[in-house]
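Below is the file start-v5.cif, which contains mmCIF, N, CA, C and O atoms.
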data_my_file
loop_
_atom_site.label_atom_id
_atom_site.label_comp_id
_atom_site.auth_asym_id
_atom_site.auth_seq_id
_atom_site.Cartn_x
_atom_site.Cartn_y
_atom_site.Cartn_z
N MET A 1 -87.98 0.17 51.39
CA MET A 1 -88.36 1.21 52.30
C MET A 1 -87.49 2.41 52.00
O MET A 1 -86.31 2.28 51.73
N THR A 2 -88.10 3.60 52.05
CA THR A 2 -87.38 4.83 51.82
C THR A 2 -87.63 5.78 52.99
O THR A 2 -88.76 5.89 53.47
N VAL A 3 -86.57 6.43 53.45
CA VAL A 3 -86.68 7.42 54.52
C VAL A 3 -86.30 8.77 53.92
O VAL A 3 -85.25 8.91 53.31
N CYS A 4 -87.18 9.76 54.09
CA CYS A 4 -86.96 11.11 53.55
C CYS A 4 -87.16 12.14 54.66
O CYS A 4 -87.78 11.86 55.68
N ALA A 5 -86.62 13.34 54.42
CA ALA A 5 -86.83 14.47 55.33
C ALA A 5 -87.39 15.62 54.51
O ALA A 5 -86.92 15.90 53.41
N VAL A 6 -88.42 16.28 55.05
CA VAL A 6 -89.01 17.44 54.39
C VAL A 6 -88.73 18.66 55.25
O VAL A 6 -89.10 18.71 56.42
N ASP A 7 -88.05 19.64 54.65
CA ASP A 7 -87.73 20.89 55.34
C ASP A 7 -89.02 21.68 55.56
O ASP A 7 -89.79 21.90 54.63
N LEU A 8 -89.27 22.10 56.80
CA LEU A 8 -90.51 22.81 57.13
C LEU A 8 -90.57 24.21 56.53
O LEU A 8 -91.65 24.73 56.26
N ASP A 9 -89.41 24.83 56.30
CA ASP A 9 -89.38 26.19 55.78
C ASP A 9 -89.54 26.24 54.26
O ASP A 9 -90.30 27.03 53.73
N SER A 10 -88.81 25.38 53.57
CA SER A 10 -88.81 25.44 52.09
C SER A 10 -89.67 24.36 51.43
O SER A 10 -89.86 24.39 50.22
N ALA A 11 -90.15 23.39 52.20
CA ALA A 11 -90.96 22.26 51.70
C ALA A 11 -90.18 21.38 50.72
O ALA A 11 -90.78 20.65 49.94
N THR A 12 -88.86 21.43 50.78
CA THR A 12 -88.06 20.55 49.92
C THR A 12 -87.85 19.20 50.60
O THR A 12 -87.70 19.12 51.82
N GLU A 13 -87.87 18.15 49.81
CA GLU A 13 -87.71 16.79 50.30
C GLU A 13 -86.34 16.27 49.92
O GLU A 13 -85.90 16.44 48.79
N SER A 14 -85.68 15.61 50.88
CA SER A 14 -84.38 14.99 50.59
C SER A 14 -84.41 13.55 51.06
O SER A 14 -84.95 13.23 52.12
N SER A 15 -83.83 12.68 50.26
CA SER A 15 -83.78 11.26 50.60
C SER A 15 -82.65 11.03 51.61
O SER A 15 -81.54 11.53 51.44
N LEU A 16 -82.96 10.27 52.66
CA LEU A 16 -81.96 9.98 53.69
C LEU A 16 -81.43 8.55 53.58
O LEU A 16 -80.25 8.32 53.84
N ALA A 17 -82.29 7.61 53.23
CA ALA A 17 -81.88 6.21 53.15
C ALA A 17 -82.90 5.41 52.37
O ALA A 17 -84.07 5.80 52.28
N SER A 18 -82.45 4.30 51.84
CA SER A 18 -83.33 3.39 51.13
C SER A 18 -82.77 1.98 51.30
O SER A 18 -81.57 1.78 51.19
N PHE A 19 -83.65 1.04 51.61
CA PHE A 19 -83.19 -0.35 51.73
C PHE A 19 -84.35 -1.29 51.48
O PHE A 19 -85.51 -0.89 51.46
N THR A 20 -84.01 -2.57 51.26
CA THR A 20 -84.99 -3.59 50.92
C THR A 20 -84.97 -4.69 51.98
O THR A 20 -83.90 -5.13 52.39
N PHE A 21 -86.15 -5.11 52.39
CA PHE A 21 -86.27 -6.26 53.28
C PHE A 21 -86.11 -7.53 52.45
O PHE A 21 -86.74 -7.65 51.40
N GLU A 22 -85.31 -8.45 52.91
CA GLU A 22 -85.18 -9.73 52.22
C GLU A 22 -86.45 -10.53 52.44
O GLU A 22 -87.06 -10.49 53.51
N SER A 23 -86.88 -11.26 51.43
CA SER A 23 -88.13 -12.02 51.53
C SER A 23 -88.06 -13.12 52.58
O SER A 23 -89.07 -13.54 53.10
N ASP A 24 -86.85 -13.58 52.93
CA ASP A 24 -86.71 -14.65 53.92
C ASP A 24 -86.26 -14.12 55.29
O ASP A 24 -85.83 -14.88 56.15
N ALA A 25 -86.38 -12.81 55.52
CA ALA A 25 -86.00 -12.24 56.82
C ALA A 25 -86.89 -12.81 57.92
O ALA A 25 -88.10 -12.96 57.75
N LYS A 26 -86.28 -13.15 59.03
CA LYS A 26 -87.02 -13.73 60.15
C LYS A 26 -87.81 -12.66 60.89
O LYS A 26 -87.41 -11.50 60.96
N VAL A 27 -88.95 -13.06 61.46
CA VAL A 27 -89.74 -12.15 62.29
C VAL A 27 -88.87 -11.69 63.44
O VAL A 27 -88.16 -12.49 64.05
N GLY A 28 -88.86 -10.41 63.70
CA GLY A 28 -88.04 -9.85 64.76
C GLY A 28 -86.75 -9.23 64.25
O GLY A 28 -86.01 -8.61 65.01
N THR A 29 -86.46 -9.39 62.96
CA THR A 29 -85.27 -8.77 62.39
C THR A 29 -85.39 -7.26 62.49
O THR A 29 -86.44 -6.70 62.21
N GLU A 30 -84.32 -6.60 62.93
CA GLU A 30 -84.35 -5.16 63.08
C GLU A 30 -83.37 -4.49 62.12
O GLU A 30 -82.30 -5.00 61.85
N PHE A 31 -83.78 -3.34 61.61
CA PHE A 31 -82.93 -2.50 60.77
C PHE A 31 -82.82 -1.16 61.49
O PHE A 31 -83.83 -0.60 61.89
N ALA A 32 -81.62 -0.66 61.64
CA ALA A 32 -81.42 0.62 62.33
C ALA A 32 -80.73 1.60 61.40
O ALA A 32 -79.80 1.25 60.69
N LYS A 33 -81.22 2.82 61.41
CA LYS A 33 -80.63 3.91 60.64
C LYS A 33 -80.46 5.11 61.56
O LYS A 33 -81.33 5.39 62.39
N SER A 34 -79.34 5.81 61.44
CA SER A 34 -79.08 7.01 62.23
C SER A 34 -78.80 8.17 61.29
O SER A 34 -78.19 7.98 60.24
N PHE A 35 -79.24 9.36 61.70
CA PHE A 35 -79.05 10.55 60.89
C PHE A 35 -78.56 11.68 61.78
O PHE A 35 -78.94 11.79 62.94
N SER A 36 -77.73 12.55 61.22
CA SER A 36 -77.19 13.67 61.99
C SER A 36 -78.24 14.76 62.15
O SER A 36 -79.22 14.82 61.41
N ALA A 37 -77.99 15.65 63.11
CA ALA A 37 -78.92 16.76 63.35
C ALA A 37 -79.04 17.65 62.12
O ALA A 37 -80.11 18.18 61.83
N SER A 38 -77.97 17.79 61.35
CA SER A 38 -78.03 18.64 60.15
C SER A 38 -78.93 18.02 59.08
O SER A 38 -79.49 18.73 58.25
N GLN A 39 -79.08 16.70 59.10
CA GLN A 39 -79.95 16.03 58.13
C GLN A 39 -81.42 16.11 58.51
O GLN A 39 -82.28 16.12 57.64
N VAL A 40 -81.73 16.13 59.81
CA VAL A 40 -83.12 16.02 60.25
C VAL A 40 -83.62 17.18 61.09
O VAL A 40 -84.81 17.26 61.39
N GLY A 41 -82.77 18.12 61.47
CA GLY A 41 -83.19 19.25 62.30
C GLY A 41 -84.21 20.10 61.59
O GLY A 41 -84.08 20.41 60.41
N ASN A 42 -85.29 20.49 62.27
CA ASN A 42 -86.38 21.31 61.74
C ASN A 42 -87.01 20.70 60.48
O ASN A 42 -87.41 21.41 59.57
N LYS A 43 -87.07 19.38 60.44
CA LYS A 43 -87.65 18.67 59.30
C LYS A 43 -88.62 17.60 59.78
O LYS A 43 -88.53 17.12 60.90
N VAL A 44 -89.54 17.25 58.91
CA VAL A 44 -90.47 16.16 59.16
C VAL A 44 -89.88 14.92 58.50
O VAL A 44 -89.48 14.96 57.33
N ILE A 45 -89.82 13.81 59.24
CA ILE A 45 -89.28 12.56 58.71
C ILE A 45 -90.43 11.74 58.14
O ILE A 45 -91.45 11.55 58.80
N ILE A 46 -90.23 11.23 56.93
CA ILE A 46 -91.24 10.42 56.25
C ILE A 46 -90.65 9.05 55.98
O ILE A 46 -89.55 8.94 55.42
N VAL A 47 -91.37 8.00 56.37
CA VAL A 47 -90.96 6.63 56.08
C VAL A 47 -91.97 6.05 55.10
O VAL A 47 -93.16 6.00 55.39
N LYS A 48 -91.49 5.67 53.93
CA LYS A 48 -92.36 5.13 52.89
C LYS A 48 -92.09 3.63 52.75
O LYS A 48 -90.97 3.22 52.53
N LEU A 49 -93.14 2.85 52.89
CA LEU A 49 -93.04 1.42 52.69
C LEU A 49 -93.50 1.15 51.27
O LEU A 49 -94.68 1.30 50.95
N ASP A 50 -92.58 0.80 50.40
CA ASP A 50 -92.86 0.59 48.98
C ASP A 50 -93.20 -0.88 48.74
O ASP A 50 -92.31 -1.67 48.44
N GLY A 51 -94.47 -1.24 48.91
CA GLY A 51 -94.89 -2.63 48.71
C GLY A 51 -94.67 -3.09 47.28
O GLY A 51 -94.97 -2.38 46.34
N LYS A 52 -94.13 -4.29 47.14
CA LYS A 52 -93.82 -4.82 45.81
C LYS A 52 -94.77 -5.92 45.37
O LYS A 52 -94.58 -6.53 44.36
N GLY A 53 -95.80 -6.18 46.15
CA GLY A 53 -96.74 -7.21 45.76
C GLY A 53 -97.92 -7.27 46.71
O GLY A 53 -97.83 -6.89 47.86
N LEU A 54 -99.03 -7.76 46.22
CA LEU A 54 -100.23 -7.83 47.04
C LEU A 54 -100.15 -8.89 48.12
O LEU A 54 -100.73 -8.76 49.18
N ALA A 55 -99.42 -9.97 47.86
CA ALA A 55 -99.35 -11.08 48.81
C ALA A 55 -98.25 -10.90 49.85
O ALA A 55 -98.19 -11.65 50.80
N ALA A 56 -97.37 -9.92 49.67
CA ALA A 56 -96.25 -9.74 50.59
C ALA A 56 -96.71 -8.96 51.82
O ALA A 56 -96.76 -7.75 51.80
N ARG A 57 -97.06 -9.67 52.88
CA ARG A 57 -97.50 -9.04 54.12
C ARG A 57 -96.60 -9.49 55.25
O ARG A 57 -96.19 -10.64 55.31
N PHE A 58 -96.31 -8.57 56.16
CA PHE A 58 -95.48 -8.90 57.31
C PHE A 58 -95.72 -7.86 58.40
O PHE A 58 -96.09 -6.72 58.11
N PRO A 59 -95.52 -8.25 59.65
CA PRO A 59 -95.68 -7.30 60.75
C PRO A 59 -94.48 -6.35 60.79
O PRO A 59 -93.35 -6.76 60.49
N TYR A 60 -94.70 -5.09 61.15
CA TYR A 60 -93.60 -4.15 61.25
C TYR A 60 -93.91 -3.09 62.30
O TYR A 60 -95.07 -2.84 62.63
N THR A 61 -92.87 -2.49 62.81
CA THR A 61 -92.98 -1.42 63.79
C THR A 61 -91.92 -0.38 63.46
O THR A 61 -90.77 -0.74 63.21
N TYR A 62 -92.31 0.90 63.45
CA TYR A 62 -91.36 2.00 63.28
C TYR A 62 -91.12 2.60 64.66
O TYR A 62 -92.03 2.80 65.43
N ARG A 63 -89.86 2.91 64.92
CA ARG A 63 -89.53 3.52 66.19
C ARG A 63 -88.51 4.62 65.93
O ARG A 63 -87.54 4.42 65.20
N ALA A 64 -88.72 5.78 66.50
CA ALA A 64 -87.79 6.90 66.34
C ALA A 64 -87.37 7.38 67.72
O ALA A 64 -88.19 7.46 68.63
N THR A 65 -86.09 7.69 67.86
CA THR A 65 -85.58 8.22 69.12
C THR A 65 -84.70 9.43 68.83
O THR A 65 -84.11 9.54 67.75
N LYS A 66 -84.65 10.31 69.78
CA LYS A 66 -83.78 11.48 69.67
C LYS A 66 -82.60 11.28 70.63
O LYS A 66 -82.81 11.04 71.81
N ASN A 67 -81.41 11.36 70.10
CA ASN A 67 -80.22 11.17 70.95
C ASN A 67 -79.56 12.48 71.26
O ASN A 67 -79.55 13.40 70.56
#
Here is the file; what I need is its structure written in the form of structure tokens.
Amino acid sequence: MTVCAVDLDSATESSLASFTFESDAKVGTEFAKSFSASQVGNKVIIVKLDGKGLAARFPYTYRATKN
């Protein structure tokens, strides 16, 4: 999974985080990432799920909060 931010003014994309789900992760496992206002302010956040196989299916939920 890759998390990126796209600046609304310049349309430039910057990578914020990247991580891999373990194939044996239990249902309900949560991954949390936090970013500073300077990283995400006035930007669109993009979450890319990079599937590595046709048979690899699992339930997922994305949740974003502003602190």
For atom CA of A:Ile46 and atom CA of A:Thr2, the interatomic separation in Å (one decimal) =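 So the answer is 8.1 Å.
Distance annotation: of A:Thr29, A:Gln39, A:Ser23, A:Thr61, the residue with the minimal separation from A:Cys4 is A:Gln39; atom set is only C-alpha atoms.
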Residues picked by the PyMOL selection byres (((chain A and resi 62 and name CA) around 10) and name CA) here, as a PyMOL selection string?
-> chain A and resi 31+47+60-61+63-64
Would you write out, as a list of chain:residue names, every residue that the PyMOL selection byres (((chain A and resi 21 and name CA) around 12) and name CA) captures in this file?
-> A:Met1, A:Thr2, A:Ser18, A:Phe19, A:Thr20, A:Glu22, A:Ser23, A:Asp24, A:Ala25, A:Lys26, A:Val27, A:Thr29, A:Glu30, A:Phe31, A:Leu49, A:Asp50, A:Gly51, A:Lys52, A:Ala56, A:Arg57, A:Phe58, A:Tyr60
Kindly give the distance, in Å, that separates atom C of A:Ser10 and atom C of A:Ala32, rounded to a single decimal.
-> 26.4 Å
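Atom pair atom CA of A:Gly28 / atom CA of A:Val3: separated by 20.1 Å.
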What do you get, as a ChimeraX atom specification, if you spell out every residue that the PyMOL selection byres ((chain A and resi 67) around 8) selects here?
-> /A:35,37,64-66
To test the calculation: enclose all listed atoms of stretch 37-52 of chain A in a box whose edges run along x, y and z, add 8 Å on each side, then state centre and edge lengths in Å to one decimal, as lines of an AutoDock Vina configuration file.
center_x = -86.5
center_y = 7.4
center_z = 53.9
size_x = 33.0
size_y = 43.9
size_z = 35.0
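Those residues of stretch 4-62 of chain A that DSSP, working from the backbone, places in alpha helix (DSSP H) are Ala37, Ser38, Gln39 and Val40 of chain A.
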Given the selection you just returned, output its residues as a file containing N, CA, C and O atoms, formatted as a PDB file, keeping the file's coordinate frame.
ATOM      1  N   ALA A  37     -77.990  15.650  63.110  1.00  0.00           N
ATOM      2  CA  ALA A  37     -78.920  16.760  63.350  1.00  0.00           C
ATOM      3  C   ALA A  37     -79.040  17.650  62.120  1.00  0.00           C
ATOM      4  O   ALA A  37     -80.110  18.180  61.830  1.00  0.00           O
ATOM      5  N   SER A  38     -77.970  17.790  61.350  1.00  0.00           N
ATOM      6  CA  SER A  38     -78.030  18.640  60.150  1.00  0.00           C
ATOM      7  C   SER A  38     -78.930  18.020  59.080  1.00  0.00           C
ATOM      8  O   SER A  38     -79.490  18.730  58.250  1.00  0.00           O
ATOM      9  N   GLN A  39     -79.080  16.700  59.100  1.00  0.00           N
ATOM     10  CA  GLN A  39     -79.950  16.030  58.130  1.00  0.00           C
ATOM     11  C   GLN A  39     -81.420  16.110  58.510  1.00  0.00           C
ATOM     12  O   GLN A  39     -82.280  16.120  57.640  1.00  0.00           O
ATOM     13  N   VAL A  40     -81.730  16.130  59.810  1.00  0.00           N
ATOM     14  CA  VAL A  40     -83.120  16.020  60.250  1.00  0.00           C
ATOM     15  C   VAL A  40     -83.620  17.180  61.090  1.00  0.00           C
ATOM     16  O   VAL A  40     -84.810  17.260  61.390  1.00  0.00           O
TER      17      VAL A  40
END
Could you pull out the residues in chain A that DSSP calls strand (DSSP E) from the backbone, as a PyMOL selection string?
-> chain A and resi 2-7+13-18+43-48
At most 9 Å from (-90.5, 20.9, 54.0), file frame, only C-alpha atoms: which residues, as a PyMOL selection string?
-> chain A and resi 5-13+42-44
Show me that you can extract stretch 13-24 of chain A, keeping all heavy atoms, and write it as a PDB file, in the first residue's frame.
ATOM      1  N   GLU A  13       3.079  15.386  -6.877  1.00  0.00           N
ATOM      2  CA  GLU A  13       2.765  14.269  -5.995  1.00  0.00           C
ATOM      3  C   GLU A  13       3.978  13.929  -5.151  1.00  0.00           C
ATOM      4  O   GLU A  13       5.093  13.869  -5.657  1.00  0.00           O
ATOM      5  CB  GLU A  13       2.357  13.049  -6.824  1.00  0.00           C
ATOM      6  CG  GLU A  13       1.954  11.859  -5.993  1.00  0.00           C
ATOM      7  CD  GLU A  13       1.474  10.686  -6.823  1.00  0.00           C
ATOM      8  OE1 GLU A  13       0.716  10.913  -7.788  1.00  0.00           O
ATOM      9  OE2 GLU A  13       1.874   9.558  -6.509  1.00  0.00           O
ATOM     10  N   SER A  14       3.752  13.701  -3.855  1.00  0.00           N
ATOM     11  CA  SER A  14       4.843  13.285  -2.974  1.00  0.00           C
ATOM     12  C   SER A  14       4.407  12.051  -2.204  1.00  0.00           C
ATOM     13  O   SER A  14       3.264  11.937  -1.765  1.00  0.00           O
ATOM     14  CB  SER A  14       5.227  14.415  -2.020  1.00  0.00           C
ATOM     15  OG  SER A  14       4.116  14.815  -1.249  1.00  0.00           O
ATOM     16  N   SER A  15       5.328  11.119  -2.063  1.00  0.00           N
ATOM     17  CA  SER A  15       5.049   9.886  -1.333  1.00  0.00           C
ATOM     18  C   SER A  15       5.133  10.158   0.169  1.00  0.00           C
ATOM     19  O   SER A  15       6.074  10.791   0.647  1.00  0.00           O
ATOM     20  CB  SER A  15       6.063   8.809  -1.726  1.00  0.00           C
ATOM     21  OG  SER A  15       5.806   7.625  -1.008  1.00  0.00           O
ATOM     22  N   LEU A  16       4.135   9.675   0.912  1.00  0.00           N
ATOM     23  CA  LEU A  16       4.113   9.866   2.364  1.00  0.00           C
ATOM     24  C   LEU A  16       4.485   8.597   3.117  1.00  0.00           C
ATOM     25  O   LEU A  16       5.130   8.664   4.154  1.00  0.00           O
ATOM     26  CB  LEU A  16       2.725  10.326   2.816  1.00  0.00           C
ATOM     27  CG  LEU A  16       2.241  11.663   2.270  1.00  0.00           C
ATOM     28  CD1 LEU A  16       0.799  11.898   2.701  1.00  0.00           C
ATOM     29  CD2 LEU A  16       3.137  12.788   2.738  1.00  0.00           C
ATOM     30  N   ALA A  17       4.062   7.448   2.610  1.00  0.00           N
ATOM     31  CA  ALA A  17       4.326   6.182   3.294  1.00  0.00           C
ATOM     32  C   ALA A  17       4.093   5.021   2.350  1.00  0.00           C
ATOM     33  O   ALA A  17       3.352   5.138   1.378  1.00  0.00           O
ATOM     34  CB  ALA A  17       3.417   6.030   4.513  1.00  0.00           C
ATOM     35  N   SER A  18       4.727   3.914   2.669  1.00  0.00           N
ATOM     36  CA  SER A  18       4.540   2.691   1.904  1.00  0.00           C
ATOM     37  C   SER A  18       4.734   1.514   2.852  1.00  0.00           C
ATOM     38  O   SER A  18       5.657   1.531   3.662  1.00  0.00           O
ATOM     39  CB  SER A  18       5.565   2.630   0.762  1.00  0.00           C
ATOM     40  OG  SER A  18       5.398   1.453   0.027  1.00  0.00           O
ATOM     41  N   PHE A  19       3.837   0.546   2.783  1.00  0.00           N
ATOM     42  CA  PHE A  19       3.999  -0.638   3.618  1.00  0.00           C
ATOM     43  C   PHE A  19       3.296  -1.820   2.986  1.00  0.00           C
ATOM     44  O   PHE A  19       2.506  -1.669   2.060  1.00  0.00           O
ATOM     45  CB  PHE A  19       3.518  -0.397   5.048  1.00  0.00           C
ATOM     46  CG  PHE A  19       2.091   0.064   5.179  1.00  0.00           C
ATOM     47  CD1 PHE A  19       1.084  -0.842   5.463  1.00  0.00           C
ATOM     48  CD2 PHE A  19       1.759   1.397   5.038  1.00  0.00           C
ATOM     49  CE1 PHE A  19      -0.224  -0.423   5.596  1.00  0.00           C
ATOM     50  CE2 PHE A  19       0.452   1.825   5.185  1.00  0.00           C
ATOM     51  CZ  PHE A  19      -0.532   0.908   5.460  1.00  0.00           C
ATOM     52  N   THR A  20       3.610  -3.016   3.484  1.00  0.00           N
ATOM     53  CA  THR A  20       3.089  -4.254   2.939  1.00  0.00           C
ATOM     54  C   THR A  20       2.305  -5.005   4.010  1.00  0.00           C
ATOM     55  O   THR A  20       2.750  -5.101   5.151  1.00  0.00           O
ATOM     56  CB  THR A  20       4.258  -5.156   2.459  1.00  0.00           C
ATOM     57  OG1 THR A  20       5.000  -4.429   1.490  1.00  0.00           O
ATOM     58  CG2 THR A  20       3.755  -6.444   1.858  1.00  0.00           C
ATOM     59  N   PHE A  21       1.149  -5.515   3.627  1.00  0.00           N
ATOM     60  CA  PHE A  21       0.377  -6.373   4.516  1.00  0.00           C
ATOM     61  C   PHE A  21       0.991  -7.768   4.486  1.00  0.00           C
ATOM     62  O   PHE A  21       1.271  -8.295   3.406  1.00  0.00           O
ATOM     63  CB  PHE A  21      -1.081  -6.491   4.053  1.00  0.00           C
ATOM     64  CG  PHE A  21      -1.850  -5.213   4.142  1.00  0.00           C
ATOM     65  CD1 PHE A  21      -2.063  -4.438   3.016  1.00  0.00           C
ATOM     66  CD2 PHE A  21      -2.360  -4.785   5.345  1.00  0.00           C
ATOM     67  CE1 PHE A  21      -2.776  -3.265   3.089  1.00  0.00           C
ATOM     68  CE2 PHE A  21      -3.073  -3.607   5.435  1.00  0.00           C
ATOM     69  CZ  PHE A  21      -3.282  -2.843   4.303  1.00  0.00           C
ATOM     70  N   GLU A  22       1.193  -8.355   5.633  1.00  0.00           N
ATOM     71  CA  GLU A  22       1.690  -9.728   5.690  1.00  0.00           C
ATOM     72  C   GLU A  22       0.582 -10.665   5.235  1.00  0.00           C
ATOM     73  O   GLU A  22      -0.593 -10.449   5.523  1.00  0.00           O
ATOM     74  CB  GLU A  22       2.136 -10.078   7.105  1.00  0.00           C
ATOM     75  CG  GLU A  22       3.285  -9.224   7.616  1.00  0.00           C
ATOM     76  CD  GLU A  22       4.537  -9.353   6.767  1.00  0.00           C
ATOM     77  OE1 GLU A  22       4.802 -10.451   6.232  1.00  0.00           O
ATOM     78  OE2 GLU A  22       5.255  -8.348   6.619  1.00  0.00           O
ATOM     79  N   SER A  23       0.938 -11.713   4.519  1.00  0.00           N
ATOM     80  CA  SER A  23      -0.063 -12.640   3.992  1.00  0.00           C
ATOM     81  C   SER A  23      -0.815 -13.371   5.097  1.00  0.00           C
ATOM     82  O   SER A  23      -1.929 -13.820   4.897  1.00  0.00           O
ATOM     83  CB  SER A  23       0.600 -13.642   3.048  1.00  0.00           C
ATOM     84  OG  SER A  23       1.593 -14.377   3.740  1.00  0.00           O
ATOM     85  N   ASP A  24      -0.217 -13.484   6.291  1.00  0.00           N
ATOM     86  CA  ASP A  24      -0.878 -14.191   7.396  1.00  0.00           C
ATOM     87  C   ASP A  24      -1.482 -13.231   8.429  1.00  0.00           C
ATOM     88  O   ASP A  24      -1.818 -13.637   9.536  1.00  0.00           O
ATOM     89  CB  ASP A  24       0.100 -15.145   8.069  1.00  0.00           C
ATOM     90  CG  ASP A  24       1.320 -14.450   8.650  1.00  0.00           C
ATOM     91  OD1 ASP A  24       1.528 -13.256   8.365  1.00  0.00           O
ATOM     92  OD2 ASP A  24       2.075 -15.106   9.387  1.00  0.00           O
TER      93      ASP A  24
END
